[in-house]
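S.K.: Handing over start_16.txt, compact mmCIF, C-alpha atoms.
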```
# COMPACT_ATOMS: atom_id res chain seq x y z
CA MET A 1 59.07 10.66 -64.61
CA LYS A 2 59.19 13.12 -61.73
CA LYS A 3 55.95 13.08 -59.77
CA THR A 4 54.25 16.04 -58.16
CA ALA A 5 54.06 16.31 -54.37
CA PRO A 6 50.45 15.22 -53.72
CA LEU A 7 50.14 16.99 -50.36
CA ARG A 8 51.34 20.34 -51.70
CA LEU A 9 48.96 20.13 -54.65
CA LEU A 10 46.07 19.16 -52.36
CA CYS A 11 46.72 22.07 -50.00
CA ILE A 12 46.84 24.64 -52.81
CA LEU A 13 43.73 23.30 -54.54
CA THR A 14 41.85 23.19 -51.23
CA GLY A 15 42.78 26.79 -50.47
CA ILE A 16 41.58 27.93 -53.87
CA ASN A 17 38.39 25.88 -53.46
CA LEU A 18 37.65 27.77 -50.25
CA PHE A 19 37.51 31.04 -52.17
CA ASN A 20 35.58 29.30 -54.92
CA TYR A 21 32.67 28.81 -52.51
CA LEU A 22 33.18 32.10 -50.70
CA ASP A 23 32.74 33.98 -53.97
CA ARG A 24 29.70 31.88 -54.83
CA TYR A 25 27.81 32.29 -51.56
CA VAL A 26 28.53 35.91 -50.73
CA LEU A 27 25.62 36.76 -53.05
CA ASN A 28 23.21 34.80 -50.83
CA ALA A 29 24.26 36.80 -47.79
CA VAL A 30 23.54 40.20 -49.36
CA ARG A 31 20.42 39.30 -51.34
CA THR A 32 18.05 41.45 -49.27
CA PRO A 33 19.83 44.84 -49.54
CA MET A 34 20.73 44.15 -53.18
CA ALA A 35 17.13 43.26 -54.05
CA THR A 36 15.88 46.32 -52.21
CA GLN A 37 18.16 48.65 -54.16
CA PHE A 38 17.21 47.19 -57.54
CA GLY A 39 13.54 46.48 -56.71
CA MET A 40 13.77 42.74 -57.40
CA SER A 41 11.06 40.23 -56.48
CA TYR A 42 11.80 36.77 -55.07
CA GLY A 43 11.76 35.26 -58.54
CA GLU A 44 14.02 37.96 -60.00
CA SER A 45 16.48 37.44 -57.15
CA GLY A 46 16.56 33.72 -57.87
CA ARG A 47 17.40 34.51 -61.49
CA LEU A 48 20.82 35.79 -60.36
CA PHE A 49 21.67 32.27 -59.27
CA THR A 50 20.24 30.95 -62.52
CA ALA A 51 22.60 33.25 -64.45
CA PHE A 52 25.55 31.91 -62.46
CA MET A 53 24.48 28.35 -63.21
CA ILE A 54 24.02 29.00 -66.92
CA GLY A 55 27.63 30.15 -67.13
CA TYR A 56 28.71 27.27 -64.90
CA PHE A 57 27.03 24.27 -66.46
CA LEU A 58 27.12 25.37 -70.11
CA THR A 59 30.91 25.68 -70.10
CA SER A 60 31.69 22.63 -67.95
CA PRO A 61 31.55 20.18 -70.92
CA PHE A 62 33.91 22.48 -72.81
CA PHE A 63 36.41 22.40 -69.94
CA GLY A 64 35.91 18.65 -69.56
CA TYR A 65 36.80 18.14 -73.22
CA LEU A 66 39.91 20.33 -72.91
CA GLY A 67 40.83 18.84 -69.53
CA ASP A 68 41.25 15.35 -70.99
CA ARG A 69 43.56 16.72 -73.69
CA LEU A 70 45.42 19.87 -72.51
CA PRO A 71 47.43 20.84 -69.40
CA ARG A 72 44.83 21.21 -66.68
CA ARG A 73 46.83 23.54 -64.45
CA ARG A 74 46.74 26.39 -66.99
CA LEU A 75 43.01 25.96 -67.55
CA ILE A 76 42.43 26.13 -63.79
CA ILE A 77 44.50 29.30 -63.43
CA LEU A 78 42.49 30.93 -66.21
CA GLY A 79 39.24 29.91 -64.53
CA VAL A 80 40.25 31.35 -61.14
CA LEU A 81 41.18 34.66 -62.72
CA VAL A 82 37.86 34.86 -64.58
CA TRP A 83 35.63 34.07 -61.57
CA SER A 84 37.56 36.46 -59.29
CA ALA A 85 37.17 39.28 -61.81
CA GLY A 86 33.45 38.51 -62.11
CA THR A 87 33.03 38.67 -58.33
CA VAL A 88 34.73 42.07 -58.08
CA LEU A 89 32.71 43.42 -61.01
CA THR A 90 29.45 42.31 -59.34
CA GLY A 91 30.11 45.00 -56.75
CA THR A 92 30.18 47.66 -59.48
CA ALA A 93 26.91 46.66 -61.22
CA GLN A 94 24.46 49.50 -61.86
CA GLY A 95 21.50 47.40 -62.96
CA VAL A 96 19.99 43.91 -62.96
CA GLY A 97 21.33 43.19 -66.46
CA MET A 98 24.91 43.81 -65.36
CA LEU A 99 24.38 41.70 -62.24
CA LEU A 100 23.23 38.79 -64.43
CA LEU A 101 26.24 39.17 -66.74
CA TYR A 102 28.81 39.28 -63.95
CA ARG A 103 27.28 36.30 -62.11
CA ALA A 104 27.39 34.30 -65.36
CA MET A 105 31.06 35.29 -65.63
CA VAL A 106 31.69 33.88 -62.14
CA GLY A 107 30.01 30.66 -63.25
CA VAL A 108 32.27 30.32 -66.30
CA GLY A 109 35.41 30.66 -64.21
CA GLU A 110 34.24 28.24 -61.53
CA ALA A 111 33.29 25.65 -64.17
CA SER A 112 36.95 25.28 -65.10
CA TYR A 113 38.01 24.74 -61.51
CA ALA A 114 35.21 22.39 -60.45
CA THR A 115 35.62 20.23 -63.55
CA LEU A 116 39.38 19.79 -63.49
CA SER A 117 40.55 19.91 -59.86
CA PRO A 118 39.07 16.56 -58.68
CA GLY A 119 40.81 14.77 -61.53
CA LEU A 120 44.17 16.29 -60.57
CA ILE A 121 43.71 15.04 -57.02
CA SER A 122 42.54 11.63 -58.20
CA ASP A 123 45.65 11.29 -60.38
CA SER A 124 47.89 12.27 -57.45
CA TRP A 125 46.54 9.92 -54.76
CA PRO A 126 46.15 6.10 -54.89
CA ALA A 127 42.69 4.56 -54.64
CA ALA A 128 43.09 3.64 -50.95
CA ALA A 129 43.70 7.28 -49.98
CA ARG A 130 41.75 9.02 -52.74
CA ASN A 131 38.45 9.49 -50.91
CA ASN A 132 40.23 10.96 -47.89
CA ALA A 133 42.13 13.38 -50.14
CA LEU A 134 38.91 14.43 -51.87
CA THR A 135 37.26 14.81 -48.47
CA VAL A 136 39.95 17.30 -47.44
CA PHE A 137 39.50 19.14 -50.75
CA TYR A 138 35.75 19.39 -50.25
CA VAL A 139 36.09 20.58 -46.65
CA ALA A 140 36.44 23.95 -48.40
CA ILE A 141 32.72 23.81 -49.26
CA PRO A 142 31.36 24.38 -45.73
CA VAL A 143 34.24 26.64 -44.71
CA GLY A 144 34.13 28.76 -47.86
CA SER A 145 30.32 28.88 -47.89
CA ALA A 146 30.27 29.96 -44.25
CA MET A 147 32.87 32.63 -44.94
CA GLY A 148 30.68 33.87 -47.78
CA TYR A 149 27.66 34.19 -45.49
CA ILE A 150 29.62 35.74 -42.62
CA LEU A 151 31.79 38.04 -44.71
CA GLY A 152 28.83 39.13 -46.82
CA GLY A 153 26.58 39.77 -43.83
CA GLU A 154 29.16 41.66 -41.77
CA VAL A 155 30.60 43.77 -44.59
CA ALA A 156 27.13 44.60 -45.92
CA ALA A 157 26.02 45.69 -42.45
CA TYR A 158 28.91 48.13 -42.00
CA ALA A 159 29.99 49.15 -45.52
CA GLY A 160 27.19 48.17 -47.90
CA TRP A 161 26.60 45.12 -50.07
CA ARG A 162 28.94 46.23 -52.87
CA GLN A 163 32.00 46.15 -50.65
CA ALA A 164 31.31 42.48 -49.83
CA PHE A 165 32.06 41.50 -53.44
CA PHE A 166 35.30 43.50 -53.50
CA TRP A 167 36.58 41.76 -50.37
CA ALA A 168 35.49 38.33 -51.62
CA GLY A 169 36.88 38.52 -55.15
CA ALA A 170 40.26 40.20 -54.85
CA PRO A 171 42.22 37.35 -53.12
CA GLY A 172 41.48 34.91 -55.93
CA LEU A 173 43.55 36.98 -58.33
CA LEU A 174 46.62 36.12 -56.24
CA LEU A 175 45.69 32.53 -55.29
CA ALA A 176 45.66 31.40 -58.90
CA LEU A 177 49.39 32.06 -59.18
CA MET A 178 50.16 29.54 -56.41
CA LEU A 179 49.48 26.71 -58.87
CA LEU A 180 52.68 27.70 -60.66
CA LEU A 181 54.53 26.20 -57.68
CA VAL A 182 53.48 22.60 -58.47
CA ARG A 183 53.78 20.21 -61.37
CA GLU A 184 50.76 18.58 -62.93
CA PRO A 185 50.40 14.79 -62.46
CA GLU A 186 50.04 12.56 -65.50
CA ARG A 187 46.56 11.21 -66.15
CA GLY A 188 46.22 7.92 -64.29
CA GLU A 189 49.53 8.48 -62.50
CA SER A 190 48.26 7.06 -59.21
CA ASP A 191 46.65 4.04 -60.87
CA ALA A 192 48.11 0.96 -62.50
CA ALA A 193 48.09 2.84 -65.78
CA GLY A 194 50.32 5.55 -64.38
CA ASP A 195 53.43 4.11 -66.04
CA MET A 196 51.99 4.68 -69.50
CA ARG A 197 50.37 7.64 -71.17
CA LEU A 198 46.63 7.16 -71.48
CA PRO A 199 45.08 8.06 -74.82
CA PRO A 200 42.60 10.94 -74.88
CA PRO A 201 38.99 9.74 -74.95
CA VAL A 202 37.02 9.52 -78.16
CA PRO A 203 33.36 10.63 -78.34
CA GLY A 204 32.19 7.06 -77.88
CA ASP A 205 33.98 6.85 -74.52
CA VAL A 206 32.03 9.81 -73.23
CA LEU A 207 28.71 8.57 -74.65
CA ARG A 208 29.22 5.24 -72.87
CA LEU A 209 29.03 7.08 -69.56
CA PHE A 210 25.26 7.10 -69.98
CA ARG A 211 25.24 3.28 -70.20
CA ASN A 212 27.21 3.04 -66.98
CA VAL A 213 24.52 2.18 -64.41
CA GLU A 214 26.59 3.06 -61.34
CA TYR A 215 27.55 6.39 -62.84
CA SER A 216 23.94 7.13 -63.83
CA LEU A 217 22.52 6.31 -60.39
CA VAL A 218 25.03 8.44 -58.54
CA VAL A 219 24.63 11.37 -60.93
CA TRP A 220 20.81 11.38 -60.95
CA GLY A 221 20.82 11.16 -57.16
CA TYR A 222 23.26 14.05 -57.20
CA VAL A 223 20.83 16.00 -59.41
CA ALA A 224 18.04 15.75 -56.81
CA TYR A 225 20.44 16.46 -53.95
CA THR A 226 21.79 19.56 -55.72
CA PHE A 227 18.29 20.82 -56.58
CA ALA A 228 17.38 20.85 -52.89
CA LEU A 229 20.66 22.21 -51.53
CA GLY A 230 20.98 24.91 -54.17
CA ALA A 231 17.54 26.31 -53.42
CA PHE A 232 17.98 26.08 -49.66
CA ALA A 233 21.44 27.67 -49.73
CA PHE A 234 19.97 30.63 -51.62
CA TRP A 235 16.76 31.05 -49.62
CA GLY A 236 17.87 29.77 -46.20
CA PRO A 237 18.89 33.13 -44.68
CA THR A 238 15.80 34.84 -46.11
CA PHE A 239 13.59 32.03 -44.76
CA ILE A 240 15.00 32.41 -41.23
CA GLU A 241 14.75 36.18 -41.52
CA ARG A 242 11.10 36.20 -42.65
CA ALA A 243 9.67 33.13 -40.88
CA HIS A 244 11.31 33.76 -37.50
CA GLY A 245 11.87 37.51 -37.46
CA LEU A 246 15.66 37.53 -37.29
CA SER A 247 17.73 40.39 -38.64
CA LEU A 248 19.61 39.80 -41.88
CA SER A 249 22.96 39.91 -40.08
CA ARG A 250 21.83 37.37 -37.48
CA ALA A 251 20.33 35.06 -40.11
CA ASP A 252 23.56 35.17 -42.15
CA THR A 253 25.63 34.54 -39.02
CA PHE A 254 23.47 31.54 -38.10
CA PHE A 255 23.84 29.98 -41.53
CA GLY A 256 27.52 30.80 -41.70
CA GLY A 257 28.17 29.33 -38.27
CA THR A 258 26.03 26.27 -38.92
CA ILE A 259 27.70 25.52 -42.23
CA VAL A 260 31.23 25.95 -40.90
CA VAL A 261 30.60 23.76 -37.82
CA ALA A 262 28.00 21.22 -38.97
CA GLY A 263 29.27 21.25 -42.55
CA LEU A 264 32.90 20.82 -41.59
CA ALA A 265 32.13 18.06 -39.10
CA GLY A 266 29.76 16.34 -41.53
CA THR A 267 32.21 16.48 -44.44
CA LEU A 268 35.07 15.04 -42.36
CA LEU A 269 33.00 12.39 -40.56
CA GLY A 270 31.17 11.37 -43.72
CA GLY A 271 34.31 11.27 -45.84
CA PHE A 272 36.61 9.43 -43.47
CA GLY A 273 33.74 7.24 -42.26
CA ALA A 274 32.94 6.28 -45.85
CA THR A 275 36.58 5.27 -46.43
CA TRP A 276 36.45 3.02 -43.35
CA TRP A 277 33.07 1.57 -44.31
CA GLN A 278 34.16 0.92 -47.89
CA ARG A 279 36.97 -1.28 -46.56
CA HIS A 280 34.37 -3.43 -44.79
CA THR A 281 31.55 -3.48 -47.35
CA PRO A 282 31.55 -2.92 -51.12
CA ALA A 283 28.67 -0.47 -50.78
CA GLY A 284 30.22 1.73 -48.09
CA TYR A 285 30.26 4.89 -50.18
CA ALA A 286 26.73 4.40 -51.48
CA LEU A 287 25.31 3.57 -48.04
CA ILE A 288 26.77 6.78 -46.64
CA LEU A 289 25.16 8.73 -49.48
CA GLY A 290 21.70 7.18 -49.23
CA GLY A 291 21.55 6.77 -45.47
CA SER A 292 22.62 10.29 -44.51
CA VAL A 293 20.22 11.96 -46.94
CA LEU A 294 17.36 9.69 -45.87
CA LEU A 295 17.87 10.69 -42.24
CA SER A 296 17.97 14.37 -43.20
CA VAL A 297 14.49 14.32 -44.77
CA PRO A 298 12.36 14.35 -41.57
CA LEU A 299 14.78 16.70 -39.84
CA SER A 300 14.59 19.26 -42.63
CA LEU A 301 10.81 18.90 -42.94
CA PHE A 302 10.13 19.59 -39.26
CA GLY A 303 12.78 22.31 -39.20
CA LEU A 304 10.91 24.16 -41.94
CA ILE A 305 7.42 23.87 -40.44
CA THR A 306 8.01 24.45 -36.73
CA GLU A 307 7.21 27.90 -35.36
CA ASN A 308 9.76 27.60 -32.57
CA THR A 309 12.90 29.45 -33.66
CA GLY A 310 15.29 27.45 -31.49
CA ALA A 311 13.85 24.13 -32.65
CA ALA A 312 13.98 25.24 -36.29
CA MET A 313 17.64 26.19 -35.99
CA GLY A 314 18.53 22.94 -34.25
CA LEU A 315 16.71 20.73 -36.72
CA LEU A 316 18.09 22.54 -39.77
CA ALA A 317 21.60 22.40 -38.33
CA ALA A 318 21.24 18.63 -37.83
CA ALA A 319 19.97 18.21 -41.40
CA ILE A 320 22.88 20.25 -42.78
CA PHE A 321 25.30 18.10 -40.78
CA LEU A 322 23.92 14.92 -42.35
CA LEU A 323 23.75 16.35 -45.86
CA PHE A 324 27.44 17.23 -45.81
CA PHE A 325 28.27 13.54 -45.26
CA CYS A 326 27.91 13.17 -49.02
CA THR A 327 30.48 15.74 -50.11
CA GLY A 328 33.53 13.51 -50.50
CA PRO A 329 32.00 10.09 -51.29
CA VAL A 330 29.74 11.30 -54.11
CA ASN A 331 32.69 12.64 -56.08
CA THR A 332 34.80 9.59 -55.29
CA VAL A 333 32.10 7.31 -56.71
CA ILE A 334 31.89 9.45 -59.86
CA LEU A 335 35.64 9.31 -60.44
CA GLU A 336 36.04 5.61 -59.65
CA ALA A 337 33.10 4.54 -61.79
CA VAL A 338 34.94 5.56 -64.98
CA PRO A 339 38.35 4.99 -66.64
CA ALA A 340 41.16 7.40 -65.70
CA ASN A 341 41.34 8.97 -69.16
CA VAL A 342 37.73 10.21 -69.02
CA ARG A 343 37.70 11.55 -65.46
CA ALA A 344 37.57 15.19 -66.53
CA SER A 345 34.77 14.39 -68.96
CA ALA A 346 32.89 12.38 -66.31
CA MET A 347 33.12 15.29 -63.86
CA ALA A 348 32.05 17.69 -66.61
CA VAL A 349 29.00 15.60 -67.53
CA SER A 350 28.12 15.30 -63.84
CA ILE A 351 28.39 19.06 -63.34
CA PHE A 352 26.34 19.66 -66.47
CA MET A 353 23.60 17.29 -65.30
CA ILE A 354 23.35 18.37 -61.66
CA HIS A 355 23.06 22.02 -62.62
CA LEU A 356 20.92 21.70 -65.74
CA PHE A 357 18.34 19.60 -63.88
CA GLY A 358 19.22 20.73 -60.35
CA ASP A 359 20.18 24.07 -58.89
CA MET A 360 20.36 26.10 -62.09
CA TRP A 361 16.67 26.78 -61.73
CA SER A 362 15.67 25.57 -58.25
CA PRO A 363 16.23 28.94 -56.46
CA GLU A 364 14.15 30.74 -59.07
CA PHE A 365 11.55 27.93 -58.98
CA VAL A 366 11.15 28.28 -55.21
CA GLY A 367 11.10 32.07 -55.51
CA ARG A 368 8.38 32.07 -58.16
CA LEU A 369 6.41 29.47 -56.18
CA ALA A 370 6.59 31.83 -53.19
CA ASP A 371 5.35 34.68 -55.38
CA ARG A 372 2.37 32.53 -56.48
CA LEU A 373 1.67 31.75 -52.82
CA HIS A 374 1.40 35.47 -52.14
CA GLY A 375 4.90 35.76 -50.71
CA ASP A 376 4.68 32.68 -48.45
CA LEU A 377 8.26 31.46 -48.69
CA GLN A 378 7.73 29.00 -45.85
CA LYS A 379 5.21 26.98 -47.87
CA ALA A 380 7.20 27.16 -51.09
CA ILE A 381 10.39 25.82 -49.52
CA LEU A 382 8.62 22.66 -48.30
CA ILE A 383 9.19 21.09 -51.72
CA LEU A 384 12.84 20.58 -50.84
CA PRO A 385 12.55 17.67 -48.33
CA ALA A 386 10.53 15.74 -50.94
CA VAL A 387 13.30 16.18 -53.50
CA LEU A 388 15.87 15.02 -50.96
CA LEU A 389 13.86 11.82 -50.54
CA VAL A 390 14.26 11.15 -54.28
CA ALA A 391 18.05 11.52 -53.93
CA ALA A 392 18.11 9.12 -50.99
CA LEU A 393 16.14 6.45 -52.86
CA LEU A 394 18.41 6.61 -55.92
CA TRP A 395 21.55 6.28 -53.81
CA MET A 396 20.07 3.42 -51.79
CA ALA A 397 19.33 1.73 -55.13
CA LEU A 398 23.03 2.18 -55.97
CA ALA A 399 23.97 0.55 -52.67
CA TYR A 400 21.60 -2.37 -53.32
CA ARG A 401 22.97 -2.86 -56.82
CA THR A 402 26.54 -2.78 -55.51
CA ILE A 403 25.86 -5.35 -52.80
CA LYS A 404 24.01 -7.59 -55.25
CA ALA A 405 26.83 -7.36 -57.80
CA ARG A 406 29.41 -8.26 -55.17
CA SER A 407 27.35 -11.23 -54.02
CA LEU A 408 27.42 -12.55 -57.61
CA SER A 409 31.11 -11.97 -58.09
CA THR A 410 33.82 -11.18 -55.56
CA SER A 411 36.55 -10.90 -58.13
CA ALA A 412 36.11 -7.13 -58.76
CA GLY A 413 35.33 -4.10 -56.60
CA PRO A 414 32.06 -2.20 -57.04
CA TYR A 415 33.71 0.84 -58.57
CA THR A 416 36.56 -0.90 -60.37
CA HIS A 417 36.36 -0.09 -64.06
CA HIS A 418 34.99 -2.72 -66.37
CA PRO A 419 35.23 -2.40 -70.15
CA GLU A 420 31.47 -2.54 -70.54
CA ARG A 421 31.11 0.51 -68.31
CA GLY A 422 32.89 2.66 -70.88
```
Once more with this new file: its structure as structure tokens, please.
M.R.:
Amino acid sequence: MKKTAPLRLLCILTGINLFNYLDRYVLNAVRTPMATQFGMSYGESGRLFTAFMIGYFLTSPFFGYLGDRLPRRRLIILGVLVWSAGTVLTGTAQGVGMLLLYRAMVGVGEASYATLSPGLISDSWPAAARNNALTVFYVAIPVGSAMGYILGGEVAAYAGWRQAFFWAGAPGLLLALMLLLVREPERGESDAAGDMRLPPPVPGDVLRLFRNVEYSLVVWGYVAYTFALGAFAFWGPTFIERAHGLSLSRADTFFGGTIVVAGLAGTLLGGFGATWWQRHTPAGYALILGGSVLLSVPLSLFGLITENTGAAMGLLAAAIFLLFFCTGPVNTVILEAVPANVRASAMAVSIFMIHLFGDMWSPEFVGRLADRLHGDLQKAILILPAVLLVAALLWMALAYRTIKARSLSTSAGPYTHHPERG
């Protein structure tokens, strides 16, 4: 069997992932002029993100089911085309209803990509190099998010908010075709099972994910983490703008610059550091997850309450740096906690959970809380450090369980599949 070139596949998927996050976060950068034109309150603005998440998480199980049974490359190409079209159409919307529809369309397209791409990478790279490969793939999160903030802020300042969506969405229509240049790896190709075709999962295999303690701990921690980051990513520029008197363009530039520098450095250091630590302790991945988020809690709290603009920016930048440590390891733990033939389903269930209980409604929740506090966004956003603490405790519990399990038996790795894990 001819195998795909892992590096070529990784580069193409990473490039597409960059525009995945650019298209997602350009909305955050232009929220103020868009809300002004359509007369939207904080809560109504947050509903745009909710619409995106409804399209995203509701269709992820569907793509997970198909991804364990059909060629994943074609499903990904379809998803990229759909989300790019939705981004471009957002710039043409003439009312709030159309905005909600087009953002849901972006969510549907991105659900295909986010569900299936990590499994392709996992099947292309052996376990020893898998976390590093996924770290490179997820480097696109800070870079793409920053490009969304910067592109959105700059284009909106000079040409209006609608033009930002045209510039963000159009390249994806071409990027999708690059996947035609690579072959798709077989499921489990990089594992011991790569020499044989793995059977598609049955419903019981997917249901057993919920009895997998390691999988449950990492996913519920991911839920809390995503709740906090989703709300902060949406409201961060507006918070800096309102609480510290910065212009919209300067606030977007700060967040874009912070995410591309602190996010890129945090993703790389956390990912490669976790790979090194995992070689020395069975709980390396989990300790990176829990420890980095735990350290970010006081930094984010003081960054949100201080009245000094410079201190606020520094503290929030440090918190963002630490939070991006989790990007690669959290997805590695999810993939390695389950058998190879249910990886797409495991990613789909994870995506469904983190968005249903996490950031699908957290931006709107914070927005409506600010409305109830008479427009005091600074007080409303203080809920986020508390939620991050919940994520840290769940991931530290995963680390403790992993260390305890290894102390009882050294014959199997902490994320090696066991039959009882489903």
S.K.: Choose the residue, out of A:Arg74, A:Arg69, A:Arg401, A:Arg130, that has the smallest atom-to-atom separation from A:Ala283; count only C-alpha atoms.
M.R.: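 Between A:Arg74, A:Arg69, A:Arg401, A:Arg130, the residue approaching A:Ala283 most closely is A:Arg401.
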S.K.: With distances taken over only C-alpha atoms, which residue among A:Thr281, A:Thr36, A:Thr309, A:Ser362 lies nearest A:Tyr400?
M.R.: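 Looking at the shortest contact to A:Tyr400, the residue is A:Thr281.
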S.K.: Which neighbours of A:Leu22 fall inside 9 Å, counting all atoms listed in the file, when residues of the same chain fewer than 2 positions from it are skipped, and could you give them as a short mmCIF file (atom, residue, chain, number, x, y, z; two decimals) with C-alpha atoms, in the frame of the given file?
M.R.:
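The result, written out as result28.cif:
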```cif
data_model
loop_
_atom_site.label_atom_id
_atom_site.label_comp_id
_atom_site.auth_asym_id
_atom_site.auth_seq_id
_atom_site.Cartn_x
_atom_site.Cartn_y
_atom_site.Cartn_z
CA ASN A 17 38.39 25.88 -53.46
CA LEU A 18 37.65 27.77 -50.25
CA PHE A 19 37.51 31.04 -52.17
CA ASN A 20 35.58 29.30 -54.92
CA ARG A 24 29.70 31.88 -54.83
CA TYR A 25 27.81 32.29 -51.56
CA VAL A 26 28.53 35.91 -50.73
CA ILE A 141 32.72 23.81 -49.26
CA VAL A 143 34.24 26.64 -44.71
CA GLY A 144 34.13 28.76 -47.86
CA SER A 145 30.32 28.88 -47.89
CA ALA A 146 30.27 29.96 -44.25
CA MET A 147 32.87 32.63 -44.94
CA GLY A 148 30.68 33.87 -47.78
CA TYR A 149 27.66 34.19 -45.49
CA LEU A 151 31.79 38.04 -44.71
CA ALA A 168 35.49 38.33 -51.62
CA GLY A 169 36.88 38.52 -55.15
#
```
S.K.: Kindly indicate which residue among A:Gly204, A:Gly303, A:Pro339, A:Pro6 lies nearest to A:Ala318, using all atoms listed in the file for the distances.
M.R.: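 Once distances to A:Ala318 are computed over all atoms listed in the file, the minimum belongs to A:Gly303.
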S.K.: Give the padded box for stretch 323-331 of chain A as lines of an AutoDock Vina configuration file: axis-aligned, covering all atoms listed in the file, 4 Å on each side, centre and edge lengths in Å to one decimal.
M.R.:
```
center_x = 28.6
center_y = 13.7
center_z = -50.7
size_x = 17.8
size_y = 15.1
size_z = 18.8
```
S.K.: Between A:Tyr285, A:Trp161, A:Tyr56, A:Tyr138, which one has atoms that come closest to A:Ala337, using all atoms listed in the file?
M.R.: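 Result for the nearest residue to A:Ala337: A:Tyr285.
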S.K.: Of the candidates A:Gly91, A:Pro237, A:Pro118, A:Gly263, which one gets nearest to A:Arg31 if we count all atoms listed in the file?
M.R.: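 Ranking A:Gly91, A:Pro237, A:Pro118, A:Gly263 by distance to A:Arg31, first place goes to A:Pro237.
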S.K.: Using Å and a single decimal, report how far atom CA of A:Gly290 sits from atom CA of A:Leu384.
M.R.: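 Computed distance, atom CA of A:Leu384 to atom CA of A:Gly290, equals 16.1 Å.
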S.K.: I'd like the interatomic distance between atom CA of A:Thr135 and atom CA of A:Met313, to a tenth of an Å.
M.R.: 25.9 Å
S.K.: With only C-alpha atoms as the atoms that count, which of A:Val342, A:Ala386, A:Leu373, A:Ile240 lies nearest to A:Leu299?
M.R.: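 Checking each candidate against A:Leu299, we get A:Ala386 as the closest.
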S.K.: Quick one: residues within 10 Å of A:Phe324, only C-alpha atoms counted, chain neighbours fewer than 4 positions away excluded, as a short mmCIF file (atom, residue, chain, number, x, y, z; two decimals) with C-alpha atoms, keeping the file's coordinate frame?
M.R.:
```cif
data_model
loop_
_atom_site.label_atom_id
_atom_site.label_comp_id
_atom_site.auth_asym_id
_atom_site.auth_seq_id
_atom_site.Cartn_x
_atom_site.Cartn_y
_atom_site.Cartn_z
CA TYR A 138 35.75 19.39 -50.25
CA VAL A 139 36.09 20.58 -46.65
CA ILE A 141 32.72 23.81 -49.26
CA PRO A 142 31.36 24.38 -45.73
CA ILE A 259 27.70 25.52 -42.23
CA ALA A 262 28.00 21.22 -38.97
CA GLY A 263 29.27 21.25 -42.55
CA LEU A 264 32.90 20.82 -41.59
CA ALA A 265 32.13 18.06 -39.10
CA GLY A 266 29.76 16.34 -41.53
CA THR A 267 32.21 16.48 -44.44
CA LEU A 268 35.07 15.04 -42.36
CA LEU A 269 33.00 12.39 -40.56
CA GLY A 270 31.17 11.37 -43.72
CA GLY A 271 34.31 11.27 -45.84
CA LEU A 289 25.16 8.73 -49.48
CA SER A 292 22.62 10.29 -44.51
CA VAL A 293 20.22 11.96 -46.94
CA ALA A 319 19.97 18.21 -41.40
CA ILE A 320 22.88 20.25 -42.78
CA GLY A 328 33.53 13.51 -50.50
#
```
S.K.: Residues near stretch 170-180 of chain A, anyone? I mean within 12 Å using all atoms listed in the file, not counting same-chain ones fewer than 3 positions away, as a PyMOL selection string.
M.R.: chain A and resi 4+8-23+72-91+106+109-110+113+117+120+163-167+183-184
S.K.: Please measure the separation of atom CA of A:Ala405 and atom CA of A:Ile121, giving the value in Å to one decimal.
M.R.: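 Atom CA of A:Ile121 lies 28.1 Å from atom CA of A:Ala405.
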S.K.: Please list as a list in words every residue within 8 Å of A:Ala348, counting only C-alpha atoms and excluding residues in the same chain fewer than 3 positions away.
M.R.: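 So the residues in contact are Ser60, Pro61, Phe63, Gly64, Thr115, Ala344, Ser345, Ile351 and Phe352 of chain A.
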S.K.: Please dump the current selection as a PDB file, keeping the file's coordinate frame; keep C-alpha atoms.
M.R.:
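The file below, out25.pdb, is the result:
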```pdb
ATOM      1  CA  SER A  60      31.690  22.630 -67.950  1.00  0.00           C
ATOM      2  CA  PRO A  61      31.550  20.180 -70.920  1.00  0.00           C
ATOM      3  CA  PHE A  63      36.410  22.400 -69.940  1.00  0.00           C
ATOM      4  CA  GLY A  64      35.910  18.650 -69.560  1.00  0.00           C
ATOM      5  CA  THR A 115      35.620  20.230 -63.550  1.00  0.00           C
ATOM      6  CA  ALA A 344      37.570  15.190 -66.530  1.00  0.00           C
ATOM      7  CA  SER A 345      34.770  14.390 -68.960  1.00  0.00           C
ATOM      8  CA  ILE A 351      28.390  19.060 -63.340  1.00  0.00           C
ATOM      9  CA  PHE A 352      26.340  19.660 -66.470  1.00  0.00           C
TER      10      PHE A 352
END
```
S.K.: Which residues, written as a PDB file with C-alpha atoms, keeping the file's coordinate frame, have at least one atom at most 10 Å from A:Glu44, with all atoms listed in the file counted and residues fewer than 4 positions away on the same chain left out?
M.R.:
```pdb
ATOM      1  CA  ALA A  35      17.130  43.260 -54.050  1.00  0.00           C
ATOM      2  CA  GLY A  39      13.540  46.480 -56.710  1.00  0.00           C
ATOM      3  CA  MET A  40      13.770  42.740 -57.400  1.00  0.00           C
ATOM      4  CA  LEU A  48      20.820  35.790 -60.360  1.00  0.00           C
ATOM      5  CA  PHE A  49      21.670  32.270 -59.270  1.00  0.00           C
ATOM      6  CA  THR A  50      20.240  30.950 -62.520  1.00  0.00           C
ATOM      7  CA  VAL A  96      19.990  43.910 -62.960  1.00  0.00           C
ATOM      8  CA  PRO A 363      16.230  28.940 -56.460  1.00  0.00           C
ATOM      9  CA  GLU A 364      14.150  30.740 -59.070  1.00  0.00           C
ATOM     10  CA  GLY A 367      11.100  32.070 -55.510  1.00  0.00           C
ATOM     11  CA  ARG A 368       8.380  32.070 -58.160  1.00  0.00           C
TER      12      ARG A 368
END
```
